[in-house]
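**Student:** Next up, target_30.cif (mmCIF, N, CA and C atoms).
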```cif
data_start
#
loop_
_atom_site.label_atom_id
_atom_site.label_comp_id
_atom_site.auth_asym_id
_atom_site.auth_seq_id
_atom_site.Cartn_x
_atom_site.Cartn_y
_atom_site.Cartn_z
N LYS A 1 -76.67 -76.73 74.28
CA LYS A 1 -75.73 -75.63 74.51
C LYS A 1 -74.42 -75.89 73.76
N GLN A 2 -73.97 -77.12 73.79
CA GLN A 2 -72.75 -77.48 73.09
C GLN A 2 -72.90 -77.27 71.57
N ALA A 3 -74.03 -77.64 71.05
CA ALA A 3 -74.30 -77.48 69.62
C ALA A 3 -74.34 -76.00 69.25
N ASP A 4 -74.95 -75.18 70.11
CA ASP A 4 -75.00 -73.74 69.85
C ASP A 4 -73.59 -73.14 69.86
N ASP A 5 -72.80 -73.59 70.81
CA ASP A 5 -71.42 -73.11 70.93
C ASP A 5 -70.62 -73.50 69.68
N ARG A 6 -70.78 -74.73 69.26
CA ARG A 6 -70.10 -75.23 68.08
C ARG A 6 -70.53 -74.45 66.82
N TYR A 7 -71.83 -74.20 66.72
CA TYR A 7 -72.38 -73.45 65.60
C TYR A 7 -71.79 -72.02 65.57
N ALA A 8 -71.71 -71.38 66.73
CA ALA A 8 -71.17 -70.02 66.82
C ALA A 8 -69.70 -70.00 66.37
N ARG A 9 -68.94 -70.98 66.77
CA ARG A 9 -67.53 -71.06 66.37
C ARG A 9 -67.39 -71.28 64.87
N LEU A 10 -68.21 -72.17 64.33
CA LEU A 10 -68.17 -72.42 62.89
C LEU A 10 -68.54 -71.16 62.10
N MET A 11 -69.54 -70.43 62.57
CA MET A 11 -69.93 -69.19 61.90
C MET A 11 -68.80 -68.15 61.96
N ALA A 12 -68.16 -68.04 63.11
CA ALA A 12 -67.05 -67.10 63.25
C ALA A 12 -65.89 -67.50 62.33
N GLU A 13 -65.62 -68.80 62.28
CA GLU A 13 -64.57 -69.30 61.40
C GLU A 13 -64.89 -69.02 59.94
N PHE A 14 -66.15 -69.22 59.57
CA PHE A 14 -66.58 -68.96 58.20
C PHE A 14 -66.47 -67.48 57.86
N GLN A 15 -66.86 -66.61 58.77
CA GLN A 15 -66.74 -65.16 58.54
C GLN A 15 -65.27 -64.76 58.36
N ASN A 16 -64.39 -65.33 59.18
CA ASN A 16 -62.96 -65.05 59.05
C ASN A 16 -62.44 -65.53 57.70
N PHE A 17 -62.90 -66.71 57.26
CA PHE A 17 -62.51 -67.24 55.97
C PHE A 17 -62.96 -66.31 54.84
N LYS A 18 -64.18 -65.82 54.92
CA LYS A 18 -64.70 -64.90 53.90
C LYS A 18 -63.87 -63.61 53.84
N LYS A 19 -63.56 -63.07 55.01
CA LYS A 19 -62.75 -61.83 55.05
C LYS A 19 -61.35 -62.07 54.47
N ARG A 20 -60.74 -63.20 54.85
CA ARG A 20 -59.40 -63.53 54.38
C ARG A 20 -59.42 -63.73 52.85
N SER A 21 -60.43 -64.42 52.35
CA SER A 21 -60.55 -64.64 50.91
C SER A 21 -60.76 -63.34 50.15
N ALA A 22 -61.57 -62.46 50.69
CA ALA A 22 -61.81 -61.16 50.04
C ALA A 22 -60.52 -60.35 50.00
N LYS A 23 -59.75 -60.38 51.09
CA LYS A 23 -58.47 -59.64 51.13
C LYS A 23 -57.49 -60.22 50.12
N GLU A 24 -57.41 -61.55 50.05
CA GLU A 24 -56.50 -62.18 49.09
C GLU A 24 -56.90 -61.82 47.66
N LYS A 25 -58.19 -61.82 47.39
CA LYS A 25 -58.67 -61.46 46.06
C LYS A 25 -58.32 -60.01 45.74
N GLN A 26 -58.49 -59.12 46.71
CA GLN A 26 -58.14 -57.71 46.52
C GLN A 26 -56.65 -57.54 46.27
N ASP A 27 -55.82 -58.28 47.04
CA ASP A 27 -54.37 -58.22 46.85
C ASP A 27 -53.97 -58.70 45.47
N ILE A 28 -54.58 -59.78 45.01
CA ILE A 28 -54.28 -60.29 43.68
C ILE A 28 -54.61 -59.24 42.64
N HIS A 29 -55.74 -58.60 42.79
CA HIS A 29 -56.15 -57.56 41.85
C HIS A 29 -55.20 -56.35 41.90
N SER A 30 -54.82 -55.94 43.11
CA SER A 30 -53.97 -54.75 43.28
C SER A 30 -52.55 -54.97 42.77
N TYR A 31 -52.02 -56.18 42.91
CA TYR A 31 -50.62 -56.41 42.60
C TYR A 31 -50.41 -57.32 41.39
N ALA A 32 -51.45 -57.54 40.61
CA ALA A 32 -51.34 -58.41 39.43
C ALA A 32 -50.36 -57.84 38.41
N ASN A 33 -50.24 -56.53 38.33
CA ASN A 33 -49.38 -55.87 37.35
C ASN A 33 -47.95 -55.68 37.85
N GLU A 34 -47.64 -56.16 39.03
CA GLU A 34 -46.34 -55.86 39.63
C GLU A 34 -45.16 -56.28 38.75
N LYS A 35 -45.19 -57.46 38.17
CA LYS A 35 -44.06 -57.92 37.38
C LYS A 35 -43.84 -57.04 36.15
N ILE A 36 -44.89 -56.75 35.43
CA ILE A 36 -44.72 -55.93 34.23
C ILE A 36 -44.30 -54.51 34.60
N ILE A 37 -44.79 -53.99 35.71
CA ILE A 37 -44.39 -52.65 36.14
C ILE A 37 -42.93 -52.64 36.55
N ARG A 38 -42.46 -53.69 37.21
CA ARG A 38 -41.03 -53.79 37.55
C ARG A 38 -40.18 -53.73 36.28
N ASP A 39 -40.60 -54.47 35.25
CA ASP A 39 -39.87 -54.47 33.99
C ASP A 39 -39.90 -53.10 33.33
N LEU A 40 -41.03 -52.42 33.42
CA LEU A 40 -41.15 -51.09 32.82
C LEU A 40 -40.33 -50.04 33.56
N LEU A 41 -39.97 -50.30 34.81
CA LEU A 41 -39.14 -49.34 35.55
C LEU A 41 -37.78 -49.17 34.87
N GLU A 42 -37.26 -50.25 34.29
CA GLU A 42 -35.99 -50.15 33.57
C GLU A 42 -36.14 -49.24 32.35
N VAL A 43 -37.27 -49.35 31.65
CA VAL A 43 -37.54 -48.49 30.50
C VAL A 43 -37.64 -47.03 30.96
N LEU A 44 -38.33 -46.83 32.07
CA LEU A 44 -38.48 -45.49 32.65
C LEU A 44 -37.11 -44.90 32.99
N ASP A 45 -36.25 -45.70 33.62
CA ASP A 45 -34.89 -45.24 33.94
C ASP A 45 -34.12 -44.85 32.69
N ASN A 46 -34.25 -45.65 31.63
CA ASN A 46 -33.52 -45.36 30.40
C ASN A 46 -34.02 -44.08 29.74
N PHE A 47 -35.32 -43.83 29.79
CA PHE A 47 -35.85 -42.57 29.26
C PHE A 47 -35.27 -41.39 30.04
N GLU A 48 -35.23 -41.50 31.35
CA GLU A 48 -34.70 -40.42 32.18
C GLU A 48 -33.21 -40.19 31.91
N ARG A 49 -32.47 -41.28 31.71
CA ARG A 49 -31.05 -41.15 31.37
C ARG A 49 -30.87 -40.45 30.02
N ALA A 50 -31.69 -40.82 29.05
CA ALA A 50 -31.60 -40.21 27.72
C ALA A 50 -31.87 -38.71 27.80
N ILE A 51 -32.89 -38.33 28.55
CA ILE A 51 -33.20 -36.90 28.69
C ILE A 51 -32.07 -36.18 29.39
N SER A 52 -31.50 -36.80 30.41
CA SER A 52 -30.38 -36.19 31.13
C SER A 52 -29.18 -35.98 30.20
N LEU A 53 -28.89 -36.97 29.37
CA LEU A 53 -27.77 -36.83 28.43
C LEU A 53 -28.05 -35.73 27.41
N MET A 54 -29.28 -35.63 26.96
CA MET A 54 -29.63 -34.62 25.97
C MET A 54 -29.57 -33.21 26.57
N GLU A 55 -29.91 -33.09 27.84
CA GLU A 55 -29.85 -31.79 28.50
C GLU A 55 -28.41 -31.30 28.59
N ASN A 56 -27.49 -32.25 28.74
CA ASN A 56 -26.07 -31.88 28.82
C ASN A 56 -25.48 -31.57 27.45
N GLY A 57 -26.23 -31.90 26.41
CA GLY A 57 -25.81 -31.57 25.05
C GLY A 57 -24.88 -32.62 24.46
N ASN A 58 -25.01 -32.79 23.14
CA ASN A 58 -24.16 -33.70 22.40
C ASN A 58 -23.57 -32.90 21.24
N PRO A 59 -22.26 -32.75 21.18
CA PRO A 59 -21.64 -31.92 20.13
C PRO A 59 -21.87 -32.46 18.72
N ASP A 60 -22.20 -33.74 18.57
CA ASP A 60 -22.42 -34.33 17.25
C ASP A 60 -23.82 -34.08 16.71
N VAL A 61 -24.73 -33.60 17.57
CA VAL A 61 -26.12 -33.40 17.16
C VAL A 61 -26.41 -31.89 17.15
N LYS A 62 -27.07 -31.43 16.11
CA LYS A 62 -27.43 -30.02 16.02
C LYS A 62 -28.38 -29.65 17.15
N SER A 63 -28.31 -28.42 17.59
CA SER A 63 -29.12 -27.96 18.72
C SER A 63 -30.61 -28.12 18.47
N ASP A 64 -31.08 -27.76 17.28
CA ASP A 64 -32.51 -27.87 16.97
C ASP A 64 -32.97 -29.32 16.99
N GLU A 65 -32.16 -30.21 16.43
CA GLU A 65 -32.49 -31.63 16.42
C GLU A 65 -32.51 -32.18 17.84
N ASN A 66 -31.53 -31.77 18.63
CA ASN A 66 -31.45 -32.20 20.02
C ASN A 66 -32.68 -31.76 20.80
N ASP A 67 -33.09 -30.50 20.60
CA ASP A 67 -34.27 -29.98 21.30
C ASP A 67 -35.53 -30.73 20.90
N ALA A 68 -35.66 -31.03 19.62
CA ALA A 68 -36.84 -31.75 19.13
C ALA A 68 -36.87 -33.18 19.69
N MET A 69 -35.71 -33.85 19.68
CA MET A 69 -35.65 -35.21 20.23
C MET A 69 -35.95 -35.20 21.73
N GLN A 70 -35.38 -34.23 22.43
CA GLN A 70 -35.59 -34.14 23.87
C GLN A 70 -37.07 -33.92 24.17
N GLU A 71 -37.72 -33.06 23.42
CA GLU A 71 -39.14 -32.80 23.63
C GLU A 71 -39.97 -34.06 23.36
N GLY A 72 -39.64 -34.77 22.29
CA GLY A 72 -40.35 -36.01 21.96
C GLY A 72 -40.19 -37.06 23.04
N ILE A 73 -38.98 -37.25 23.49
CA ILE A 73 -38.72 -38.25 24.53
C ILE A 73 -39.40 -37.83 25.84
N SER A 74 -39.39 -36.55 26.15
CA SER A 74 -40.07 -36.06 27.36
C SER A 74 -41.57 -36.33 27.31
N LEU A 75 -42.17 -36.16 26.13
CA LEU A 75 -43.60 -36.44 25.99
C LEU A 75 -43.90 -37.93 26.17
N ILE A 76 -43.05 -38.77 25.59
CA ILE A 76 -43.23 -40.22 25.75
C ILE A 76 -43.08 -40.61 27.22
N LEU A 77 -42.07 -40.03 27.87
CA LEU A 77 -41.84 -40.32 29.29
C LEU A 77 -43.03 -39.90 30.13
N SER A 78 -43.58 -38.72 29.89
CA SER A 78 -44.72 -38.26 30.68
C SER A 78 -45.94 -39.15 30.43
N GLN A 79 -46.11 -39.62 29.21
CA GLN A 79 -47.22 -40.52 28.90
C GLN A 79 -47.04 -41.86 29.63
N LEU A 80 -45.83 -42.39 29.63
CA LEU A 80 -45.54 -43.64 30.33
C LEU A 80 -45.78 -43.48 31.83
N LEU A 81 -45.31 -42.35 32.39
CA LEU A 81 -45.52 -42.09 33.82
C LEU A 81 -47.00 -41.99 34.16
N GLU A 82 -47.77 -41.38 33.30
CA GLU A 82 -49.21 -41.24 33.52
C GLU A 82 -49.88 -42.62 33.57
N VAL A 83 -49.53 -43.49 32.64
CA VAL A 83 -50.10 -44.84 32.60
C VAL A 83 -49.71 -45.61 33.86
N LEU A 84 -48.45 -45.53 34.25
CA LEU A 84 -47.98 -46.25 35.43
C LEU A 84 -48.62 -45.70 36.71
N THR A 85 -48.81 -44.40 36.77
CA THR A 85 -49.45 -43.78 37.94
C THR A 85 -50.89 -44.25 38.06
N LYS A 86 -51.59 -44.35 36.94
CA LYS A 86 -52.96 -44.87 36.97
C LYS A 86 -53.01 -46.31 37.45
N ALA A 87 -51.93 -47.06 37.19
CA ALA A 87 -51.86 -48.45 37.63
C ALA A 87 -51.48 -48.58 39.10
N GLY A 88 -51.18 -47.43 39.76
CA GLY A 88 -50.87 -47.46 41.19
C GLY A 88 -49.42 -47.23 41.54
N LEU A 89 -48.59 -46.89 40.56
CA LEU A 89 -47.17 -46.65 40.82
C LEU A 89 -46.97 -45.27 41.43
N GLU A 90 -46.09 -45.21 42.41
CA GLU A 90 -45.79 -43.94 43.08
C GLU A 90 -44.29 -43.89 43.38
N GLU A 91 -43.67 -42.75 43.07
CA GLU A 91 -42.25 -42.59 43.35
C GLU A 91 -42.03 -42.39 44.84
N ILE A 92 -40.96 -42.97 45.35
CA ILE A 92 -40.61 -42.82 46.77
C ILE A 92 -39.77 -41.55 46.90
N GLU A 93 -40.23 -40.62 47.71
CA GLU A 93 -39.47 -39.40 47.96
C GLU A 93 -38.24 -39.77 48.79
N ALA A 94 -37.07 -39.32 48.37
CA ALA A 94 -35.87 -39.72 49.08
C ALA A 94 -34.96 -38.54 49.43
N LEU A 95 -34.68 -37.66 48.48
CA LEU A 95 -33.72 -36.58 48.69
C LEU A 95 -34.13 -35.68 49.85
N GLY A 96 -33.23 -35.56 50.84
CA GLY A 96 -33.50 -34.72 52.00
C GLY A 96 -34.33 -35.40 53.08
N GLN A 97 -34.79 -36.60 52.81
CA GLN A 97 -35.59 -37.34 53.80
C GLN A 97 -34.68 -38.09 54.76
N GLU A 98 -35.21 -38.38 55.93
CA GLU A 98 -34.50 -39.21 56.89
C GLU A 98 -34.36 -40.61 56.29
N PHE A 99 -33.18 -41.22 56.39
CA PHE A 99 -32.97 -42.55 55.84
C PHE A 99 -33.91 -43.54 56.51
N ASP A 100 -34.63 -44.31 55.71
CA ASP A 100 -35.55 -45.32 56.20
C ASP A 100 -35.29 -46.61 55.42
N PRO A 101 -34.79 -47.65 56.09
CA PRO A 101 -34.45 -48.88 55.37
C PRO A 101 -35.64 -49.57 54.71
N LYS A 102 -36.87 -49.18 55.07
CA LYS A 102 -38.05 -49.74 54.41
C LYS A 102 -38.19 -49.21 52.99
N PHE A 103 -37.69 -47.98 52.76
CA PHE A 103 -37.87 -47.33 51.47
C PHE A 103 -36.56 -47.03 50.74
N HIS A 104 -35.45 -47.06 51.46
CA HIS A 104 -34.17 -46.66 50.89
C HIS A 104 -33.14 -47.78 51.03
N HIS A 105 -32.27 -47.87 50.04
CA HIS A 105 -31.14 -48.80 50.06
C HIS A 105 -29.88 -47.94 50.04
N ALA A 106 -29.17 -47.89 51.17
CA ALA A 106 -27.98 -47.05 51.28
C ALA A 106 -26.81 -47.73 50.58
N VAL A 107 -26.18 -46.99 49.67
CA VAL A 107 -25.03 -47.49 48.94
C VAL A 107 -23.74 -46.92 49.51
N LEU A 108 -23.80 -45.64 49.91
CA LEU A 108 -22.63 -44.95 50.44
C LEU A 108 -23.03 -44.03 51.58
N ASN A 109 -22.05 -43.73 52.41
CA ASN A 109 -22.17 -42.66 53.40
C ASN A 109 -21.11 -41.63 53.04
N GLU A 110 -21.50 -40.35 53.08
CA GLU A 110 -20.52 -39.30 52.79
C GLU A 110 -20.85 -38.07 53.61
N PRO A 111 -19.82 -37.30 53.98
CA PRO A 111 -20.07 -36.07 54.71
C PRO A 111 -20.79 -35.05 53.82
N SER A 112 -21.65 -34.25 54.45
CA SER A 112 -22.40 -33.25 53.69
C SER A 112 -22.66 -32.03 54.57
N ASP A 113 -22.44 -30.86 54.00
CA ASP A 113 -22.74 -29.62 54.71
C ASP A 113 -24.21 -29.25 54.53
N GLU A 114 -24.79 -29.71 53.46
CA GLU A 114 -26.16 -29.34 53.10
C GLU A 114 -27.22 -30.16 53.86
N PHE A 115 -26.89 -31.41 54.20
CA PHE A 115 -27.87 -32.30 54.83
C PHE A 115 -27.41 -32.73 56.22
N LYS A 116 -28.39 -32.97 57.08
CA LYS A 116 -28.10 -33.46 58.44
C LYS A 116 -27.63 -34.90 58.38
N SER A 117 -27.00 -35.34 59.44
CA SER A 117 -26.56 -36.72 59.53
C SER A 117 -27.78 -37.65 59.49
N GLY A 118 -27.69 -38.67 58.67
CA GLY A 118 -28.78 -39.63 58.56
C GLY A 118 -29.81 -39.29 57.50
N GLU A 119 -29.61 -38.17 56.81
CA GLU A 119 -30.53 -37.79 55.73
C GLU A 119 -29.96 -38.23 54.38
N VAL A 120 -30.85 -38.44 53.44
CA VAL A 120 -30.44 -38.83 52.09
C VAL A 120 -29.90 -37.60 51.37
N SER A 121 -28.63 -37.68 50.94
CA SER A 121 -27.99 -36.54 50.29
C SER A 121 -27.97 -36.66 48.76
N LYS A 122 -28.08 -37.88 48.23
CA LYS A 122 -28.12 -38.10 46.79
C LYS A 122 -29.00 -39.31 46.50
N VAL A 123 -29.69 -39.24 45.37
CA VAL A 123 -30.48 -40.38 44.91
C VAL A 123 -29.78 -40.92 43.67
N LEU A 124 -29.30 -42.15 43.75
CA LEU A 124 -28.61 -42.76 42.62
C LEU A 124 -29.60 -43.45 41.68
N GLN A 125 -30.67 -44.01 42.26
CA GLN A 125 -31.72 -44.64 41.47
C GLN A 125 -33.03 -44.44 42.21
N LYS A 126 -34.04 -43.97 41.50
CA LYS A 126 -35.33 -43.71 42.12
C LYS A 126 -35.96 -45.02 42.61
N GLY A 127 -36.72 -44.89 43.68
CA GLY A 127 -37.46 -46.03 44.20
C GLY A 127 -38.94 -45.83 43.93
N TYR A 128 -39.68 -46.94 43.93
CA TYR A 128 -41.11 -46.87 43.61
C TYR A 128 -41.92 -47.79 44.50
N LYS A 129 -43.18 -47.37 44.72
CA LYS A 129 -44.16 -48.19 45.44
C LYS A 129 -45.30 -48.47 44.47
N LEU A 130 -45.88 -49.65 44.61
CA LEU A 130 -47.06 -50.01 43.85
C LEU A 130 -48.17 -50.27 44.86
N ASN A 131 -49.19 -49.40 44.85
CA ASN A 131 -50.30 -49.50 45.81
C ASN A 131 -49.79 -49.64 47.24
N ASP A 132 -48.87 -48.76 47.61
CA ASP A 132 -48.28 -48.67 48.96
C ASP A 132 -47.36 -49.83 49.34
N ARG A 133 -46.99 -50.67 48.38
CA ARG A 133 -46.02 -51.73 48.63
C ARG A 133 -44.75 -51.37 47.87
N VAL A 134 -43.60 -51.40 48.55
CA VAL A 134 -42.33 -51.07 47.91
C VAL A 134 -41.98 -52.17 46.91
N ILE A 135 -41.81 -51.77 45.64
CA ILE A 135 -41.39 -52.76 44.64
C ILE A 135 -39.94 -52.55 44.24
N ARG A 136 -39.41 -51.34 44.52
CA ARG A 136 -38.00 -51.08 44.32
C ARG A 136 -37.60 -49.96 45.27
N PRO A 137 -36.72 -50.26 46.25
CA PRO A 137 -36.28 -49.18 47.14
C PRO A 137 -35.36 -48.21 46.39
N ALA A 138 -35.35 -46.97 46.86
CA ALA A 138 -34.48 -45.96 46.26
C ALA A 138 -33.04 -46.25 46.66
N MET A 139 -32.12 -46.23 45.68
CA MET A 139 -30.71 -46.43 45.95
C MET A 139 -30.13 -45.05 46.26
N VAL A 140 -29.61 -44.88 47.49
CA VAL A 140 -29.25 -43.54 47.95
C VAL A 140 -27.88 -43.47 48.60
N VAL A 141 -27.42 -42.22 48.72
CA VAL A 141 -26.22 -41.89 49.50
C VAL A 141 -26.73 -41.16 50.74
N VAL A 142 -26.22 -41.56 51.91
CA VAL A 142 -26.67 -40.99 53.17
C VAL A 142 -25.58 -40.11 53.76
N SER A 143 -25.95 -38.93 54.26
CA SER A 143 -24.96 -38.02 54.84
C SER A 143 -24.53 -38.50 56.22
N GLU A 144 -23.30 -38.18 56.56
CA GLU A 144 -22.76 -38.57 57.87
C GLU A 144 -22.87 -37.42 58.84
#
```
Could you show the structure in this file as structure tokens?
**Tutor:**
Amino acid sequence: KQADDRYARLMAEFQNFKKRSAKEKQDIHSYANEKIIRDLLEVLDNFERAISLMENGNPDVKSDENDAMQEGISLILSQLLEVLTKAGLEEIEALGQEFDPKFHHAVLNEPSDEFKSGEVSKVLQKGYKLNDRVIRPAMVVVSE
């Protein structure tokens, strides 16, 4: 009876080990790209800044040239976003959402007529999740 009991415990321990190993292997596979994706987020931010500046117009650049550059950069940005999305990247929705410290990093509090108290009124920097794990929280302003 003691040997049977011992055998049952060893089998249970072995099954737990197998499950834990499989989960670790899955996690390694799911998050192997995390470092490179974090680095690419800076590139993504810079593309978005460039498009924003172009939308506001530059008096030194002709309108046709500006439109062509903006279209080209927008296409590159959408291609980059598509690749990152396939890799498991997802933007964290923030504007108008209830402040959640798991997903948002509050930088300022300010009064707002448009948003309720405790809601995100401005997004200063987008946040992202990789396969449901936050890799960069959204930097936000919260209404009072």
**Student:** State, in Å with one decimal place, the distance from atom N of Gly127 (chain A) to atom N of Ala94 (chain A).
**Tutor:**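 About the pair atom N of Gly127 (chain A) and atom N of Ala94 (chain A): they are 7.3 Å apart.
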**Student:** Nearest to Leu108 (chain A): which of A:Glu144, A:Glu13, A:Glu82, A:Glu55 is it, counting only N, CA and C atoms?
**Tutor:**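 Distance minimum relative to Leu108 (chain A) lands on A:Glu144.
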**Student:** I need the residue set behind the PyMOL selection byres (((chain A and resi 73 and name CA) around 12) and name CA) for this file; please write it as an NGL selection string.
**Tutor:** :A and (43-44 or 46-55 or 66-72 or 74-80)
**Student:** Separation of CA of Ile37 (chain A) and CA of Asn56 (chain A), in Å?
**Tutor:**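 Going from CA of Ile37 (chain A) over to CA of Asn56 (chain A), I get 28.6 Å.
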**Student:** Which is closest to His104 (chain A) among A:Tyr128, A:Met139, A:Leu89, A:Leu81, if we use all atoms listed in the file?
**Tutor:**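 Looking at the shortest contact to His104 (chain A), the residue is A:Met139.
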**Student:** Report the distance between CA of Ser121 (chain A) and CA of Val140 (chain A) in Å, rounded to one decimal place.
**Tutor:** 7.5 Å
**Student:** Residues of region 13-132 of chain A classed as helix (DSSP H, G or I) by DSSP on the backbone are to be reported as number ranges by chain.
**Tutor:** A: 13-31, 34-56, 63-86
**Student:** Measuring between only N, CA and C atoms, which one of A:Val120, A:Val107, A:Met11, A:Ile92 shows the shortest distance to Arg136 (chain A)?
**Tutor:**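 Smallest distance to Arg136 (chain A) is found for A:Ile92.
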**Student:** Given only C-alpha atoms as the basis, pick out the residue of A:Ala22, A:Leu10, A:Ala87, A:Ala3 nearest to Lys129 (chain A).
**Tutor:**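 The shortest atom-to-atom distance to Lys129 (chain A) comes from A:Ala87.
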**Student:** Could you tell me which of A:Asp27, A:Glu114, A:Leu84, A:Glu65 comes closest to Asp39 (chain A) if we count only C-alpha atoms?
**Tutor:**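 Answer, going by the shortest atom-to-atom distance: A:Leu84.
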**Student:** Give the strand (DSSP E) residues of chain A, as DSSP finds them on the backbone, and put them as a PyMOL selection string.
**Tutor:** chain A and resi 89-92+104-110+120-125+127-130+133-136+138-143
**Student:** Residues at most 8 Å from Tyr31 (chain A), counting only N, CA and C atoms, excluding those fewer than 5 positions away in the same chain, as a list in words?
**Tutor:**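 The residues that qualify are Lys25, Gln26, Leu130 and Asn131 of chain A.
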